Amino acid sequence: MKILGIESSCDETAASVVECAGIGKPLKLLSNEVATSMDLHAVYGGVVPEIAARSHIESIIPVIEAALSAASTDWDDIDAIAVTYGAGLGGSLLIGVLTARTLAITKNKPLYACNHVEGHVYANFLTETTLQRYTLPSSAPDFPMLALIVSGGHSQLALFRNHFDYTLLGQTRDDAIGEAFDKVAKVLGLPYPGGPSISKKALEGDPKAFTLPKAKMEGKYDFSFSGLKTAVLRAIQEACGKTYDFPSFELAGLLSEAQKADIAASFQRTAVETVVDKTLLAFEEFNPKSVVIAGGVAANPELRRQMTERLPLPIAYTDLKLCTDNGAMIAALGVFKHLLGQPTADPFTLDINPNLSM
Ligand code: KG4
Ligand code: ZN
């Protein structure tokens, strides 16, 4: 069985083919094509929705064709199409959904509507590939599975008892952790996207140089990152000898490279500790058989280091290319929807849901 996955919720236009021989058999990644409009957004310091939507229109057909070709698959071999219908940017989601709907009708394939955040979790179920330079876990995670989802738009902790049977334990009450990485990077004058820039800069810094607060939340498993973001801004203002009303975009020019590195390292340590603390707490309460991390921030080396160091069970990480947005995670989720008889979507009516929650 082969599933085509299509993802276009933000600034990545992505498609992938995943193969699986049946229930209990490994998921094999046959192709993973991603076209990003990141460079077009870099000059603005963040994703511009209109630019993202326009570049999806240009890229989506070539990306799907490339995914089929790299998988040496033609339409006859595709059993179903899985597409992200939320959460994400409206204009971006529309392109993927309309393309998938059209293909489902014209090629006569079942269509599965996928939740982007659930998709991130399913990247961890890919255990084999025909592609070069992918490092995948040797086996799929066991249930019950604790999933920490950390991306540019989401910070969530969920307990999966089985496929399609999970409880959301907690989530961010304000900013997502990736958003905090991106905003702190902006104040430090580091290039977009901020996550990778911060983790690179942090390598030269002292993670204990600044003491930053970890938010205390009412919900045991909830997160908050807006206070941390403001605390970083205040620390930078103080280090520069400036008051609160000094323009934040002028601060980076006053900081030495060593100061920037110390701030990046201290922020990263605190942000990562915050999510690892809650993951440990949930681990102790629910005693899961596996723990997975998912989403763009799952590519962060400090997060992986702290998880491995603090969790009492070995944790398998997926390839960095499968952490940020991709079509393979949607195809992987589609495999289970198809195998386990989940409802299909109507290709004539499927709508996007930009605010879809878990
Ligand atoms: O999952 P993703 O590609 O898109 C969303 O669904 O949001 O995540 C993108 C986020 C961005 O905020 C980016 O800065 C962050 O993931 N990110 C990282 C790293 N790589 C990407 N954050 C920290 N460390 C990284 N190495
Ligand atoms: Zn994502």
# chains A, B, ... in the order shown; residues from 1 in each chain; ligands from 1

call {"tool": "residues_near_ligand", "arguments": {"ligand": "ligand 1", "cutoff": "10 Å", "atoms": "only C-alpha atoms and all ligand atoms", "output": "ChimeraX atom specification"}}
result
/A:9-12,46,87-88,116-117,119-120,149-155,176-183,185,192-200,268,271-272,294-303,320-326

call {"tool": "select_by_dssp", "arguments": {"residues": "segment 82-172 of chain A", "states": "alpha helix (DSSP H)", "output": "list in words"}}
result
Gly90, Gly91, Ser92, Leu93, Leu94, Ile95, Gly96, Val97, Leu98, Thr99, Ala100, Arg101, Thr102, Leu103, Ala104, Ile105, Thr106, His116, Val117, Glu118, Gly119, His120, Val121 and Tyr122 of chain A

call {"tool": "closest_residue", "arguments": {"among": "A:Thr279, A:Thr127, A:Ser357, A:Ser8", "to": "Met145 of chain A", "atoms": "only C-alpha atoms"}}
result
A:Thr279

call {"tool": "residues_around", "arguments": {"residues": "Ala140 of chain A", "least_positions_apart": "5", "cutoff": "8 Å", "atoms": "only C-alpha atoms", "output": "list in words"}}
result
Pro26, Asn124, Phe125, Leu126 and Thr127 of chain A

call {"tool": "write_last_selection", "arguments": {"atoms": "C-alpha atoms", "output": "PDB file, in the first residue's frame"}}
result
ATOM      1  CA  PRO A  26       7.151  -1.055   9.001  1.00  0.00           C
ATOM      2  CA  ASN A 124       8.278   9.136  14.415  1.00  0.00           C
ATOM      3  CA  PHE A 125       6.605   6.045  12.914  1.00  0.00           C
ATOM      4  CA  LEU A 126       8.809   6.032   9.800  1.00  0.00           C
ATOM      5  CA  THR A 127      11.409   3.331  10.359  1.00  0.00           C
TER       6      THR A 127
END

call {"tool": "atom_distance", "arguments": {"atom1": "atom CA of Val97 of chain A", "atom2": "atom CA of Val47 of chain A"}}
result
19.8 Å

call {"tool": "closest_atom_pairs", "arguments": {"of": "segment 108-191 of chain A", "to": "segment 55-73 of chain A", "cutoff": "12 Å", "atoms": "only C-alpha atoms", "output": "Markdown table"}}
result
| residue | atom | partner | partner_atom | distance |
| --- | --- | --- | --- | --- |
| A:Thr129 | CA | A:Ala71 | CA | 10.3 |
| A:Thr130 | CA | A:Ala71 | CA | 8.5 |
| A:Leu131 | CA | A:Ala70 | CA | 9.0 |
| A:Gln132 | CA | A:Ala70 | CA | 11.7 |

call {"tool": "write_last_selection", "arguments": {"atoms": "all heavy atoms", "output": "PDB file, in the first residue's frame"}}
result
ATOM      1  N   THR A 129      13.663   3.393   4.905  1.00  0.00           N
ATOM      2  CA  THR A 129      13.642   4.288   3.746  1.00  0.00           C
ATOM      3  C   THR A 129      14.553   3.774   2.640  1.00  0.00           C
ATOM      4  O   THR A 129      15.513   3.046   2.912  1.00  0.00           O
ATOM      5  CB  THR A 129      14.050   5.730   4.124  1.00  0.00           C
ATOM      6  OG1 THR A 129      13.885   6.568   2.982  1.00  0.00           O
ATOM      7  CG2 THR A 129      15.465   5.827   4.634  1.00  0.00           C
ATOM      8  N   THR A 130      14.211   4.164   1.422  1.00  0.00           N
ATOM      9  CA  THR A 130      15.082   3.861   0.289  1.00  0.00           C
ATOM     10  C   THR A 130      15.972   5.075   0.010  1.00  0.00           C
ATOM     11  O   THR A 130      16.814   5.037  -0.868  1.00  0.00           O
ATOM     12  CB  THR A 130      14.213   3.612  -0.968  1.00  0.00           C
ATOM     13  OG1 THR A 130      13.272   4.690  -1.076  1.00  0.00           O
ATOM     14  CG2 THR A 130      13.469   2.297  -0.876  1.00  0.00           C
ATOM     15  N   LEU A 131      15.765   6.162   0.765  1.00  0.00           N
ATOM     16  CA  LEU A 131      16.498   7.410   0.505  1.00  0.00           C
ATOM     17  C   LEU A 131      17.852   7.416   1.221  1.00  0.00           C
ATOM     18  O   LEU A 131      18.019   6.809   2.271  1.00  0.00           O
ATOM     19  CB  LEU A 131      15.673   8.614   0.969  1.00  0.00           C
ATOM     20  CG  LEU A 131      14.282   8.770   0.330  1.00  0.00           C
ATOM     21  CD1 LEU A 131      13.526   9.924   0.968  1.00  0.00           C
ATOM     22  CD2 LEU A 131      14.403   8.961  -1.171  1.00  0.00           C
ATOM     23  N   GLN A 132      18.787   8.165   0.647  1.00  0.00           N
ATOM     24  CA  GLN A 132      20.114   8.325   1.242  1.00  0.00           C
ATOM     25  C   GLN A 132      20.044   9.388   2.343  1.00  0.00           C
ATOM     26  O   GLN A 132      19.195  10.265   2.307  1.00  0.00           O
ATOM     27  CB  GLN A 132      21.119   8.812   0.187  1.00  0.00           C
ATOM     28  CG  GLN A 132      21.243   7.907  -1.023  1.00  0.00           C
ATOM     29  CD  GLN A 132      21.920   6.596  -0.665  1.00  0.00           C
ATOM     30  OE1 GLN A 132      22.992   6.598  -0.064  1.00  0.00           O
ATOM     31  NE2 GLN A 132      21.293   5.479  -0.993  1.00  0.00           N
TER      32      GLN A 132
END

call {"tool": "residues_around", "arguments": {"residues": "Gly189 of chain A", "least_positions_apart": "6", "cutoff": "12 Å", "atoms": "only C-alpha atoms", "output": "ChimeraX atom specification"}}
result
/A:45,182-183,197-198,201,236,248-257,260-261,263-264

call {"tool": "atom_distance", "arguments": {"atom1": "atom CA of Pro354 of chain A", "atom2": "atom CA of Gly86 of chain A"}}
result
4.9 Å

call {"tool": "closest_residue", "arguments": {"among": "A:Val48, A:Leu188, A:Ala202, A:Leu89", "to": "ligand 2", "atoms": "only C-alpha atoms and all ligand atoms"}}
result
A:Leu89

call {"tool": "closest_residue", "arguments": {"among": "A:Trp75, A:Tyr112, A:Tyr134, A:Phe160", "to": "Pro288 of chain A", "atoms": "only C-alpha atoms"}}
result
A:Phe160

call {"tool": "residues_around", "arguments": {"residues": "Asp142 of chain A", "least_positions_apart": "2", "cutoff": "12 Å", "atoms": "only C-alpha atoms", "output": "PyMOL selection string"}}
result
chain A and resi 24+124-125+139-140+144-147+159-163+288-292+315-316

call {"tool": "select_by_dssp", "arguments": {"residues": "segment 108-280 of chain A", "states": "strand (DSSP E)", "output": "PyMOL selection string"}}
result
chain A and resi 111-115+126-129+145-150+155-162+165-171

call {"tool": "residues_around", "arguments": {"residues": "Glu273 of chain A", "least_positions_apart": "4", "cutoff": "9 Å", "atoms": "only C-alpha atoms", "output": "JSON, numbers by chain"}}
result
{"A": [214, 268, 269, 277, 278, 303, 306]}

call {"tool": "residues_around", "arguments": {"residues": "Tyr44 of chain A", "least_positions_apart": "5", "cutoff": "12 Å", "atoms": "only C-alpha atoms", "output": "PyMOL selection string"}}
result
chain A and resi 38-39+49+51+186+191-193

call {"tool": "closest_residue", "arguments": {"among": "A:Asn353, A:Thr13, A:Gln237, A:Ser31", "to": "Arg54 of chain A", "atoms": "only C-alpha atoms"}}
result
A:Thr13

call {"tool": "closest_residue", "arguments": {"among": "A:Val335, A:Ala14, A:Val276, A:Ile352", "to": "ligand 2", "atoms": "only C-alpha atoms and all ligand atoms"}}
result
A:Ala14
